[in-house]
Every structure is written in structure tokens, then in C-alpha cells.
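data_20.cif follows; it contains mmCIF, C-alpha atoms.
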data_final
#
loop_
_atom_site.group_PDB
_atom_site.id
_atom_site.type_symbol
_atom_site.label_atom_id
_atom_site.label_comp_id
_atom_site.auth_asym_id
_atom_site.auth_seq_id
_atom_site.Cartn_x
_atom_site.Cartn_y
_atom_site.Cartn_z
ATOM 1 C CA MET G 10 86.942 74.689 71.955
ATOM 2 C CA SER G 11 88.153 77.671 69.869
ATOM 3 C CA ASN G 12 88.438 77.352 66.099
ATOM 4 C CA ASP G 13 92.142 78.158 66.520
ATOM 5 C CA TYR G 14 92.842 74.995 68.477
ATOM 6 C CA ASN G 15 91.456 71.732 67.131
ATOM 7 C CA LEU G 16 92.249 68.470 68.870
ATOM 8 C CA TYR G 17 92.559 65.699 66.325
ATOM 9 C CA LEU G 18 92.039 62.019 67.061
ATOM 10 C CA GLU G 19 92.941 61.013 63.499
ATOM 11 C CA LYS G 20 96.181 59.784 61.880
ATOM 12 C CA ARG G 21 98.030 63.056 62.267
ATOM 13 C CA LYS G 22 101.425 63.097 63.938
ATOM 14 C CA CYS G 23 103.031 65.506 66.377
ATOM 15 C CA ASN G 24 105.801 67.514 64.679
ATOM 16 C CA TYR G 25 108.153 66.655 67.521
ATOM 17 C CA CYS G 26 107.350 63.038 68.444
ATOM 18 C CA SER G 27 105.324 60.070 67.172
ATOM 19 C CA ASN G 28 102.141 60.764 69.143
ATOM 20 C CA SER G 29 99.030 60.822 66.947
ATOM 21 C CA ILE G 30 96.787 62.887 69.255
ATOM 22 C CA VAL G 31 97.680 66.434 68.315
ATOM 23 C CA ILE G 32 96.711 70.062 68.824
ATOM 24 C CA HIS G 33 96.783 72.224 65.696
ATOM 25 C CA ARG G 34 98.245 75.716 66.085
ATOM 26 C CA ARG G 35 96.790 77.590 63.127
ATOM 27 C CA TYR G 36 99.011 80.669 63.483
ATOM 28 C CA SER G 37 102.228 78.604 63.264
ATOM 29 C CA GLY G 38 101.029 75.506 61.400
ATOM 30 C CA GLU G 39 102.411 73.256 64.144
ATOM 31 C CA GLN G 40 100.918 69.938 65.190
ATOM 32 C CA LEU G 41 101.737 69.189 68.840
ATOM 33 C CA CYS G 42 100.734 66.334 71.095
ATOM 34 C CA PRO G 43 99.570 67.375 74.597
ATOM 35 C CA HIS G 44 102.997 66.625 76.113
ATOM 36 C CA CYS G 45 104.924 68.624 73.505
ATOM 37 C CA PHE G 46 102.341 71.402 73.698
ATOM 38 C CA GLU G 47 102.820 71.608 77.481
ATOM 39 C CA LYS G 48 106.613 71.792 77.086
ATOM 40 C CA SER G 49 106.204 74.446 74.385
ATOM 41 C CA ILE G 50 104.150 76.681 76.695
ATOM 42 C CA GLU G 51 106.718 76.367 79.493
ATOM 43 C CA LYS G 52 109.557 77.158 77.096
ATOM 44 C CA ILE G 53 107.767 80.269 75.797
ATOM 45 C CA ILE G 54 107.263 81.564 79.345
ATOM 46 C CA TYR G 55 110.915 80.954 80.234
ATOM 47 C CA LYS G 56 112.193 82.619 77.041
ATOM 48 C CA THR G 57 109.873 85.617 77.519
ATOM 49 C CA ILE G 58 111.201 86.207 81.032
ATOM 50 C CA SER G 59 114.763 85.924 79.744
ATOM 51 C CA LYS G 60 114.329 88.060 76.606
ATOM 52 C CA TYR G 61 112.742 90.986 78.406
ATOM 53 C CA LYS G 62 114.920 90.630 81.532
ATOM 54 C CA MET G 63 111.814 90.404 83.689
ATOM 55 C CA ILE G 64 113.210 88.604 86.726
ATOM 56 C CA LYS G 65 116.635 88.079 88.297
ATOM 57 C CA SER G 66 117.418 85.255 90.718
ATOM 58 C CA GLN G 67 117.780 87.670 93.645
ATOM 59 C CA ASP G 68 114.396 89.314 93.040
ATOM 60 C CA ARG G 69 111.641 88.902 95.602
ATOM 61 C CA VAL G 70 108.721 87.996 93.333
ATOM 62 C CA ILE G 71 105.125 88.610 94.360
ATOM 63 C CA VAL G 72 102.563 86.901 92.116
ATOM 64 C CA ALA G 73 99.102 88.412 91.659
ATOM 65 C CA LEU G 74 96.859 85.372 92.111
ATOM 66 C CA SER G 75 93.117 85.271 91.424
ATOM 67 C CA GLY G 76 92.515 81.526 91.204
ATOM 68 C CA GLY G 77 91.809 81.647 87.460
ATOM 69 C CA LYS G 78 93.671 79.746 84.730
ATOM 70 C CA ASP G 79 96.104 82.558 83.886
ATOM 71 C CA SER G 80 97.372 83.395 87.357
ATOM 72 C CA ILE G 81 97.624 79.732 88.397
ATOM 73 C CA THR G 82 99.550 78.916 85.201
ATOM 74 C CA LEU G 83 101.866 81.857 85.940
ATOM 75 C CA LEU G 84 102.456 80.881 89.564
ATOM 76 C CA TYR G 85 103.116 77.238 88.662
ATOM 77 C CA ASN G 86 105.694 78.162 86.020
ATOM 78 C CA LEU G 87 107.451 80.736 88.194
ATOM 79 C CA MET G 88 107.652 78.083 90.901
ATOM 80 C CA LYS G 89 109.274 75.668 88.409
ATOM 81 C CA ILE G 90 111.733 78.305 87.202
ATOM 82 C CA GLN G 91 112.571 79.310 90.760
ATOM 83 C CA LYS G 92 113.515 75.728 91.658
ATOM 84 C CA LYS G 93 116.154 75.798 88.924
ATOM 85 C CA SER G 94 117.536 79.154 90.062
ATOM 86 C CA TYR G 95 120.237 78.944 92.721
ATOM 87 C CA HIS G 96 119.603 81.034 95.848
ATOM 88 C CA SER G 97 116.363 82.515 94.465
ATOM 89 C CA GLU G 98 113.944 84.116 96.902
ATOM 90 C CA LYS G 99 110.692 82.337 97.767
ATOM 91 C CA LEU G 100 107.579 83.315 95.849
ATOM 92 C CA THR G 101 104.594 84.881 97.586
ATOM 93 C CA ALA G 102 101.074 85.004 96.149
ATOM 94 C CA LEU G 103 99.028 88.171 96.647
ATOM 95 C CA ILE G 104 95.260 87.697 96.451
ATOM 96 C CA ILE G 105 92.876 90.654 96.197
ATOM 97 C CA ASP G 106 89.339 90.142 97.513
ATOM 98 C CA GLU G 107 87.158 92.807 95.906
ATOM 99 C CA GLY G 108 84.062 91.604 97.703
ATOM 100 C CA ILE G 109 81.932 90.246 94.849
ATOM 101 C CA GLU G 110 79.185 88.061 96.248
ATOM 102 C CA ASP G 111 79.010 84.445 95.075
ATOM 103 C CA TYR G 112 82.131 84.874 92.926
ATOM 104 C CA ARG G 113 85.347 85.990 94.566
ATOM 105 C CA GLN G 114 85.226 83.662 97.568
ATOM 106 C CA LYS G 115 85.003 80.690 95.189
ATOM 107 C CA SER G 116 88.043 81.804 93.204
ATOM 108 C CA ILE G 117 89.969 82.614 96.400
ATOM 109 C CA LYS G 118 89.337 79.068 97.615
ATOM 110 C CA ARG G 119 90.913 77.678 94.418
ATOM 111 C CA ALA G 120 93.835 80.086 94.805
ATOM 112 C CA THR G 121 94.552 79.248 98.432
ATOM 113 C CA ASN G 122 94.157 75.501 97.815
ATOM 114 C CA PHE G 123 96.768 75.730 95.055
ATOM 115 C CA CYS G 124 99.146 77.613 97.365
ATOM 116 C CA LYS G 125 98.689 75.062 100.130
ATOM 117 C CA LYS G 126 99.281 72.167 97.737
ATOM 118 C CA PHE G 127 102.661 73.584 96.677
ATOM 119 C CA ASP G 128 103.575 75.186 100.016
ATOM 120 C CA ILE G 129 103.489 78.736 98.651
ATOM 121 C CA GLU G 130 103.083 81.636 101.062
ATOM 122 C CA TYR G 131 100.084 83.847 100.326
ATOM 123 C CA LYS G 132 98.382 86.982 101.601
ATOM 124 C CA ILE G 133 94.777 88.110 101.076
ATOM 125 C CA VAL G 134 94.032 91.844 100.934
ATOM 126 C CA THR G 135 90.398 93.010 100.826
ATOM 127 C CA PHE G 136 88.720 96.125 99.488
ATOM 128 C CA LYS G 137 86.695 96.206 102.707
ATOM 129 C CA GLU G 138 89.682 96.457 105.034
ATOM 130 C CA LYS G 139 91.563 98.975 102.863
ATOM 131 C CA ILE G 140 88.845 101.405 101.770
ATOM 132 C CA GLY G 141 85.922 100.404 103.992
ATOM 133 C CA LYS G 142 83.650 99.093 101.226
ATOM 134 C CA THR G 143 83.380 96.032 99.016
ATOM 135 C CA LEU G 144 83.037 96.404 95.250
ATOM 136 C CA ASP G 145 79.387 95.320 95.558
ATOM 137 C CA GLU G 146 78.784 98.152 98.042
ATOM 138 C CA ILE G 147 80.574 100.644 95.781
ATOM 139 C CA ILE G 148 78.406 99.687 92.802
ATOM 140 C CA ASN G 149 75.244 100.003 94.894
ATOM 141 C CA ILE G 150 76.314 103.555 95.759
ATOM 142 C CA LYS G 151 77.377 104.533 92.245
ATOM 143 C CA LYS G 152 75.014 102.704 89.894
ATOM 144 C CA ASN G 153 72.235 105.315 89.958
ATOM 145 C CA SER G 154 74.504 108.344 89.674
ATOM 146 C CA PRO G 155 74.792 110.123 86.292
ATOM 147 C CA GLU G 156 78.585 109.680 86.236
ATOM 148 C CA TYR G 157 78.439 105.875 86.737
ATOM 149 C CA LYS G 158 81.368 104.304 84.828
ATOM 150 C CA TYR G 159 80.769 100.546 85.216
ATOM 151 C CA ALA G 160 82.266 98.250 87.814
ATOM 152 C CA CYS G 161 85.471 97.471 85.915
ATOM 153 C CA ASN G 162 86.582 101.122 86.061
ATOM 154 C CA TYR G 163 86.145 101.385 89.828
ATOM 155 C CA CYS G 164 87.660 97.959 90.426
ATOM 156 C CA ALA G 165 90.748 98.738 88.326
ATOM 157 C CA ILE G 166 91.535 101.929 90.269
ATOM 158 C CA ILE G 167 91.440 100.175 93.631
ATOM 159 C CA ARG G 168 92.887 96.835 92.568
ATOM 160 C CA ARG G 169 95.970 98.412 90.968
ATOM 161 C CA ARG G 170 96.770 100.344 94.133
ATOM 162 C CA LEU G 171 96.198 97.398 96.468
ATOM 163 C CA LEU G 172 98.372 95.109 94.333
ATOM 164 C CA ASN G 173 101.159 97.674 94.245
ATOM 165 C CA ASP G 174 101.001 98.488 97.950
ATOM 166 C CA GLY G 175 100.512 94.846 98.942
ATOM 167 C CA ALA G 176 103.550 93.734 96.940
ATOM 168 C CA LYS G 177 105.691 96.469 98.506
ATOM 169 C CA GLU G 178 104.494 95.566 102.011
ATOM 170 C CA LEU G 179 105.536 91.960 101.356
ATOM 171 C CA GLY G 180 109.042 93.166 100.516
ATOM 172 C CA GLY G 181 108.674 92.460 96.811
ATOM 173 C CA THR G 182 110.913 93.835 94.088
ATOM 174 C CA ILE G 183 108.772 92.382 91.270
ATOM 175 C CA LEU G 184 105.006 92.010 90.843
ATOM 176 C CA ALA G 185 104.211 89.260 88.320
ATOM 177 C CA MET G 186 100.848 89.569 86.576
ATOM 178 C CA GLY G 187 98.966 86.920 84.582
ATOM 179 C CA HIS G 188 98.014 89.024 81.545
ATOM 180 C CA ASN G 189 98.191 86.871 78.399
ATOM 181 C CA LEU G 190 98.643 87.723 74.715
ATOM 182 C CA THR G 191 94.895 88.171 74.193
ATOM 183 C CA ASP G 192 94.727 90.631 77.106
ATOM 184 C CA ILE G 193 97.632 92.670 75.700
ATOM 185 C CA ALA G 194 96.184 92.777 72.172
ATOM 186 C CA GLU G 195 92.778 93.748 73.534
ATOM 187 C CA THR G 196 94.153 96.525 75.782
ATOM 188 C CA PHE G 197 96.429 97.916 73.068
ATOM 189 C CA LEU G 198 93.580 98.129 70.555
ATOM 190 C CA MET G 199 91.361 99.808 73.151
ATOM 191 C CA ASN G 200 94.076 102.398 73.823
ATOM 192 C CA ILE G 201 94.386 103.060 70.090
ATOM 193 C CA LEU G 202 90.626 103.527 69.775
ATOM 194 C CA HIS G 203 90.697 106.031 72.647
ATOM 195 C CA LYS G 204 93.921 107.666 71.366
ATOM 196 C CA ARG G 205 95.673 107.009 74.699
ATOM 197 C CA LEU G 206 99.148 107.535 73.288
ATOM 198 C CA ASN G 207 100.633 108.693 76.574
ATOM 199 C CA LEU G 208 99.375 105.519 78.235
ATOM 200 C CA ILE G 209 100.944 103.351 75.510
ATOM 201 C CA SER G 210 104.199 105.278 75.970
ATOM 202 C CA ASN G 211 104.103 104.681 79.708
ATOM 203 C CA GLN G 212 103.763 100.918 79.144
ATOM 204 C CA TYR G 213 107.162 100.634 77.412
ATOM 205 C CA PHE G 214 108.919 97.623 78.949
ATOM 206 C CA PHE G 215 112.329 99.240 79.352
ATOM 207 C CA LYS G 216 111.359 102.712 80.503
ATOM 208 C CA GLN G 217 113.602 104.466 83.010
ATOM 209 C CA GLU G 218 111.547 106.105 85.731
ATOM 210 C CA LYS G 219 112.831 109.055 87.713
ATOM 211 C CA GLN G 220 113.761 108.169 91.289
ATOM 212 C CA ASP G 221 111.011 110.391 92.718
ATOM 213 C CA ILE G 222 108.451 108.350 90.719
ATOM 214 C CA SER G 223 109.909 104.828 90.831
ATOM 215 C CA GLN G 224 110.063 104.785 94.645
ATOM 216 C CA PHE G 225 106.263 104.507 94.695
ATOM 217 C CA PHE G 226 105.765 101.742 92.149
ATOM 218 C CA ILE G 227 106.978 98.163 92.158
ATOM 219 C CA LYS G 228 108.195 96.799 88.813
ATOM 220 C CA LYS G 229 105.468 94.783 87.072
ATOM 221 C CA VAL G 230 106.230 91.912 84.682
ATOM 222 C CA LEU G 231 104.003 89.949 82.289
ATOM 223 C CA PRO G 232 105.556 86.531 81.547
ATOM 224 C CA LEU G 233 102.473 85.249 79.659
ATOM 225 C CA ILE G 234 102.373 87.978 76.995
ATOM 226 C CA LYS G 235 103.265 85.626 74.134
ATOM 227 C CA ILE G 236 100.621 83.001 74.886
ATOM 228 C CA PRO G 237 97.039 83.367 73.578
ATOM 229 C CA GLU G 238 94.209 82.863 76.044
ATOM 230 C CA GLU G 239 93.103 79.651 74.293
ATOM 231 C CA GLU G 240 96.533 78.130 74.861
ATOM 232 C CA ILE G 241 96.467 79.020 78.563
ATOM 233 C CA PHE G 242 93.095 77.273 78.714
ATOM 234 C CA LEU G 243 94.469 74.133 77.037
ATOM 235 C CA TYR G 244 97.633 74.119 79.140
ATOM 236 C CA ALA G 245 95.736 74.511 82.431
ATOM 237 C CA ASN G 246 93.431 71.644 81.483
ATOM 238 C CA ILE G 247 96.247 69.377 80.324
ATOM 239 C CA LYS G 248 97.954 70.039 83.684
ATOM 240 C CA LYS G 249 94.607 69.412 85.433
ATOM 241 C CA PHE G 250 94.856 72.621 87.454
ATOM 242 C CA ASN G 251 91.862 73.143 89.727
ATOM 243 C CA TYR G 252 91.240 76.737 88.637
ATOM 244 C CA TYR G 253 88.075 78.847 88.819
ATOM 245 C CA ALA G 254 86.664 79.281 85.306
ATOM 246 C CA PRO G 255 83.737 81.784 85.458
ATOM 247 C CA HIS G 256 84.350 85.415 84.510
ATOM 248 C CA CYS G 257 83.537 88.244 86.898
ATOM 249 C CA PRO G 258 79.742 88.808 86.854
ATOM 250 C CA TYR G 259 80.237 92.556 86.368
ATOM 251 C CA ARG G 260 82.259 91.989 83.211
ATOM 252 C CA GLU G 261 79.550 89.658 81.949
ATOM 253 C CA LYS G 262 76.646 92.056 82.422
ATOM 254 C CA ASP G 263 78.156 95.530 81.888
ATOM 255 C CA PRO G 264 78.271 96.712 78.234
ATOM 256 C CA ILE G 265 81.977 97.580 78.404
ATOM 257 C CA LEU G 266 84.002 98.339 75.268
ATOM 258 C CA ARG G 267 86.582 95.685 76.161
ATOM 259 C CA LYS G 268 84.099 92.906 75.356
ATOM 260 C CA ARG G 269 83.380 94.377 71.911
ATOM 261 C CA VAL G 270 87.087 94.745 71.169
ATOM 262 C CA LEU G 271 87.688 91.136 72.201
ATOM 263 C CA GLY G 272 84.857 89.992 69.957
ATOM 264 C CA PHE G 273 86.376 91.936 67.057
ATOM 265 C CA ILE G 274 89.803 90.328 67.608
ATOM 266 C CA GLN G 275 88.282 86.863 67.793
ATOM 267 C CA GLU G 276 86.422 87.454 64.534
ATOM 268 C CA CYS G 277 89.637 88.646 62.848
ATOM 269 C CA LYS G 278 91.488 85.549 64.082
ATOM 270 C CA LYS G 279 89.177 83.330 62.024
ATOM 271 C CA TYR G 280 90.845 84.747 58.903
ATOM 272 C CA SER G 281 94.225 85.893 60.288
ATOM 273 C CA PRO G 282 95.251 83.552 63.148
ATOM 274 C CA GLU G 283 98.392 85.614 63.806
ATOM 275 C CA ILE G 284 96.455 88.861 64.474
ATOM 276 C CA GLU G 285 97.171 88.945 68.235
ATOM 277 C CA TYR G 286 100.909 88.610 67.622
ATOM 278 C CA ASN G 287 100.742 91.464 65.116
ATOM 279 C CA LEU G 288 99.039 93.640 67.735
ATOM 280 C CA LEU G 289 101.615 92.660 70.367
ATOM 281 C CA ASN G 290 104.539 93.516 68.072
ATOM 282 C CA CYS G 291 102.880 96.779 67.112
ATOM 283 C CA PHE G 292 102.477 97.608 70.808
ATOM 284 C CA LEU G 293 106.140 96.806 71.536
ATOM 285 C CA ASP G 294 107.343 98.996 68.654
ATOM 286 C CA LEU G 295 104.924 101.865 69.200
ATOM 287 C CA SER G 296 105.436 102.030 72.984
ATOM 288 C CA GLU G 297 109.188 102.457 72.426
ATOM 289 C CA ILE G 298 108.705 105.096 69.723
ATOM 290 C CA LEU G 299 106.253 107.077 71.862
ATOM 291 C CA TYR G 300 108.382 106.697 75.000
ATOM 292 C CA ASN G 301 111.333 108.251 73.183
ATOM 293 C CA HIS G 302 109.097 110.913 71.611
ATOM 294 C CA TYR G 303 107.264 112.332 74.610
ATOM 295 C CA GLU G 304 108.982 114.763 76.931
ATOM 296 C CA ARG G 305 108.883 113.686 80.585
ATOM 297 C CA LYS G 306 106.585 116.076 82.413
ATOM 298 C CA SER G 307 106.812 117.025 86.055
ATOM 299 C CA HIS G 308 104.231 115.581 88.438
ATOM 300 C CA ASN G 309 102.348 116.816 91.427
ATOM 301 C CA PHE G 310 102.244 114.521 94.411
ATOM 302 C CA CYS G 311 99.024 113.520 96.126
ATOM 303 C CA GLN G 312 98.340 115.634 99.205
ATOM 304 C CA LYS G 313 96.958 112.587 101.000
ATOM 305 C CA CYS G 314 99.105 109.529 100.131
ATOM 306 C CA GLY G 315 102.142 111.141 98.503
ATOM 307 C CA TYR G 316 101.876 109.191 95.249
ATOM 308 C CA PRO G 317 102.336 110.957 91.872
ATOM 309 C CA SER G 318 99.056 112.617 90.903
ATOM 310 C CA GLY G 319 99.658 114.203 87.510
ATOM 311 C CA ILE G 320 98.341 117.754 87.524
ATOM 312 C CA SER G 321 95.829 117.117 90.329
ATOM 313 C CA LYS G 322 96.130 117.654 94.066
ATOM 314 C CA LEU G 323 94.861 114.140 94.767
ATOM 315 C CA CYS G 324 95.781 110.939 92.917
ATOM 316 C CA THR G 325 93.013 108.978 91.176
ATOM 317 C CA PHE G 326 92.849 106.443 94.008
ATOM 318 C CA CYS G 327 92.551 108.976 96.853
ATOM 319 C CA ASN G 328 90.104 111.100 94.898
ATOM 320 C CA PHE G 329 87.864 108.076 94.391
ATOM 321 C CA VAL G 330 88.057 107.034 98.049
ATOM 322 C CA LYS G 331 87.178 110.630 98.981
ATOM 323 C CA GLU G 332 84.114 110.488 96.692
ATOM 324 C CA LEU G 333 82.935 107.344 98.465
ATOM 325 C CA ALA G 334 83.296 108.947 101.864
ATOM 326 C CA ASP G 335 81.426 112.157 100.921
#

Would you give me this structure, written as C-alpha cells?
Amino acid sequence: MSNDYNLYLEKRKCNYCSNSIVIHRRYSGEQLCPHCFEKSIEKIIYKTISKYKMIKSQDRVIVALSGGKDSITLLYNLMKIQKKSYHSEKLTALIIDEGIEDYRQKSIKRATNFCKKFDIEYKIVTFKEKIGKTLDEIINIKKNSPEYKYACNYCAIIRRRLLNDGAKELGGTILAMGHNLTDIAETFLMNILHKRLNLISNQYFFKQEKQDISQFFIKKVLPLIKIPEEEIFLYANIKKFNYYAPHCPYREKDPILRKRVLGFIQECKKYSPEIEYNLLNCFLDLSEILYNHYERKSHNFCQKCGYPSGISKLCTFCNFVKELAD
């Protein structure tokens, strides 16, 4: 259990009821019993969706589902919200199978079992069927080359495209992702360290894309951005969700910067429990400032798939697939 979340079995009382088994939120000072904690998480998700105008009742929402605690928590809460929304479209879960031996099939089983339990439509899209190779096969090809960039880099390029295309093929207008507060803080700090100001600008929540760009990309929303990872963990366990807990084996063994940044944030939280919220608010402010600062540049379009490709003839995805085929 994290130092930020201590479960007391003493004579402490929930701030909102008389229950004496409470969870201590260090960043807010609250004492919540498991029931009030659960309701708090659900309220935060609902208010986040409302505040940032993430979803309308008529939207066709596709949920990126991995079978882990975050995506299952997201799908469950969107399902609850949908039931209260008159005439809302049915949810569909989109599952990406990267082809990671002894890992992804186990998480997919948890994901599909959850969908079956709640009668949620789902679709599985695989790296193998879309680009002809699993992630394991890609790493075997790339790992001994001098330009090897770790599995997460290759996976991200392909996964992003397959999620976007898969959601569009399912008729979606919204792609809901399970990134939590810890993920956002971690990614923002990484982008600062790499001085990726254009990328931060492009992540502004209320950006207005040109029609020639927006036609390619489905709108992505992040309803869990105000909930730390530890709270997702507690919520999923209180709800007794049958999620898949292990991290991707490539993330565990590759010396990626993201792990070091996460470790730094966790160390800071011991002394400043609100640090992730500070990073989130900084991201929200800075992304707006940079979005309004940078001039919108014209794009080339990929000669193979037609997607925007920056200044290149091929987009990042098609260029990578071409490398694999050569």
C-alpha cells in the first residue's frame, strides 16, 4: 500500500459518515470509509467529464480497454453514466493485442470477461493482422540494431494508430482512454525534460483542429485525469474488479526514462502529496498558453495512408511499417 493511502482500523471516523474504517487522503486531509471513497471517485469522474465537456449523450463512445485497473474502472463508470443519460449510444470496448507472449492474452481474457459480464460489445484488433508482425517479433528484429529505441517507442507508434483507426471503424465519435493523474503528471514532466513544447501545445484540451486534420483523428478524452493511480488501485479493489495487475514485461525490463520520472514523482509525493495535482494544473495552463502562442503550420500528407505527416513524405506509422518490411 502506498504511503499516500493508509487504511486505518483504529477509532478514526469517516468525514462523511460514522464508519470507523477509513482511508486517509494525505493531499486533501480527508478521512473516507470505503463506501464514501468509492462514491468520491465516481463523482470526480462524472465532474471531470462535465467540466471539460468530454462526452455528450449522442456521442458514440469507444473505450480503449486493456484489462488493467484503469481501463476497467473507466469502462465501468462510463457504463454507469450512460445508463443515466437518456437516448445515449451503446459503449463499445476496443482491445489492442500487441502480441506479447505470456502477458497480453491474460489481460485480454480479463477484459473480455468484464465485457461479457456487463453485456458490452467489444472488438479485438491485433498488431499481427494490421502490420504483419507482433510486438515480440518487432523487438526481435530491432533489438540488435544500433538505432534500437526500446519496445515502448515502437508499441506507442502502432498502438496509437490502431486505436484511432479502430475507433473510427466502429463508428465512434469519442475514444475514451484510461490515463490517470499519475500518467498525466509523468508524461508532462517527461515532455518538459525533453523540451517538447509543441507536443504540450498540441495536447490542449480545447484546441480547434483544421478540417483537413480533424477528419483523420477521433476526439480522445481522459476522464480519469484527476485521480491518482493509487486511488484507482483502491477503487478497483473495493469494487472487486477482476483486473489484470502485472505491468508490461517490456516496461519492467527496459531502462526507459518514464520509470525514472515516475520514481522521482513518487519520492516528491512523500513530502508534497499534492505534487501530481500541481503538475496537472501546470500542464492545463501551459498547454493553453503554448497553443495560443504557436502559429499553426501547414502539414504534408502521407503518400501512403493520407494522414498528416508533418514535413515528411510518410507519416511516422507508415515509415515504421516500411522499415519493418525492408

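Here the question is which of G:Ser307, G:Gln114, G:Asn200, G:Thr182 gets nearest to Thr135 (chain G) using only C-alpha atoms, and that residue is G:Gln114.
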
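Between Cys314 (chain G) and the residues G:Ile298, G:Tyr159, G:Pro43, G:Phe225, the shortest atom-to-atom distance, using only C-alpha atoms, involves G:Phe225.
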
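Against the coordinates shown, the PyMOL selection byres ((chain G and resi 320) around 8) returns His308, Asn309, Ser318, Gly319, Ser321 and Lys322 of chain G.
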
Q: Go through G:Pro232, G:Ala165, G:Thr325, G:Pro282 one by one, measure the shortest atom-to-atom distance of each to Ser59 (chain G) using only C-alpha atoms, and give the residue with the smallest value.
A: G:Pro232

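Closest to Phe226 (chain G) among G:Asn290, G:Asn173, G:Thr82, G:Gln312 is G:Asn173, based on only C-alpha atoms.
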
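With all atoms listed in the file as the basis for measurement, G:Arg305 is the residue among G:Arg69, G:Ile193, G:Ile32, G:Arg305 that approaches Gln217 (chain G) most closely.
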
Q) So which residues touch Ile140 (chain G) within 12 Å, counting all atoms listed in the file, skipping near sequence neighbours fewer than 2 positions away, as a ChimeraX atom specification? A) /G:107-108,134-138,142-144,146-147,164,166-168,170-171,326-334

With C-alpha atoms retained, could you export that selection as a CSV table (one decimal), keeping the file's coordinate frame?
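Contents of the output file selection27.csv:
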chain,number,residue,atom,x,y,z
G,107,GLU,CA,87.2,92.8,95.9
G,108,GLY,CA,84.1,91.6,97.7
G,134,VAL,CA,94.0,91.8,100.9
G,135,THR,CA,90.4,93.0,100.8
G,136,PHE,CA,88.7,96.1,99.5
G,137,LYS,CA,86.7,96.2,102.7
G,138,GLU,CA,89.7,96.5,105.0
G,142,LYS,CA,83.6,99.1,101.2
G,143,THR,CA,83.4,96.0,99.0
G,144,LEU,CA,83.0,96.4,95.2
G,146,GLU,CA,78.8,98.2,98.0
G,147,ILE,CA,80.6,100.6,95.8
G,164,CYS,CA,87.7,98.0,90.4
G,166,ILE,CA,91.5,101.9,90.3
G,167,ILE,CA,91.4,100.2,93.6
G,168,ARG,CA,92.9,96.8,92.6
G,170,ARG,CA,96.8,100.3,94.1
G,171,LEU,CA,96.2,97.4,96.5
G,326,PHE,CA,92.8,106.4,94.0
G,327,CYS,CA,92.6,109.0,96.9
G,328,ASN,CA,90.1,111.1,94.9
G,329,PHE,CA,87.9,108.1,94.4
G,330,VAL,CA,88.1,107.0,98.0
G,331,LYS,CA,87.2,110.6,99.0
G,332,GLU,CA,84.1,110.5,96.7
G,333,LEU,CA,82.9,107.3,98.5
G,334,ALA,CA,83.3,108.9,101.9

(Q) Given only C-alpha atoms as the basis, pick out the residue of G:Glu285, G:Ile90, G:Asn211, G:Cys277 nearest to Lys306 (chain G). (A) G:Asn211

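Residue selection for this entry, given the PyMOL selection byres ((chain G and resi 46) around 10), comprises Cys23, Tyr25, Val31, Ile32, His33, Arg34, Glu39, Gln40, Leu41, Cys42, Pro43, His44, Cys45, Glu47, Lys48, Ser49, Ile50, Glu51, Lys52, Glu240, Leu243, Tyr244 and Ile247 of chain G.
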
Q: One decimal, Å: what's the distance from CA of Asn207 (chain G) over to CA of Leu231 (chain G), could you say?
A: 19.9 Å

Q) Hey, what's within 8 Å of Leu288 (chain G) if we count only C-alpha atoms and toss same-chain stuff fewer than 2 positions away? As a ChimeraX atom specification, please? A) /G:194,197-198,284-286,290-292

Q: Please measure the separation of CA of Val230 (chain G) and CA of Lys93 (chain G), giving the value in Å to one decimal.
A: 19.4 Å

Q. CA of Ser66 (chain G) to CA of Ser97 (chain G): how many Å, to one decimal?
A. 4.8 Å

Q.
If we count only C-alpha atoms and set the cut-off at 6 Å, which residues sit around Val72 (chain G), ignoring sequence neighbours fewer than 2 positions away in its own chain? Please answer as a PyMOL selection string.
A. chain G and resi 74+102-103+184-185

Given 3 Å on each side, where is the centre and what are the edge lengths in Å to one decimal of the axis-aligned box enclosing the listed atoms of region 276-285 of chain G, as AutoDock Vina command-line options?
--center_x 92.4 --center_y 86.1 --center_z 63.6 --size_x 18.0 --size_y 11.6 --size_z 15.3
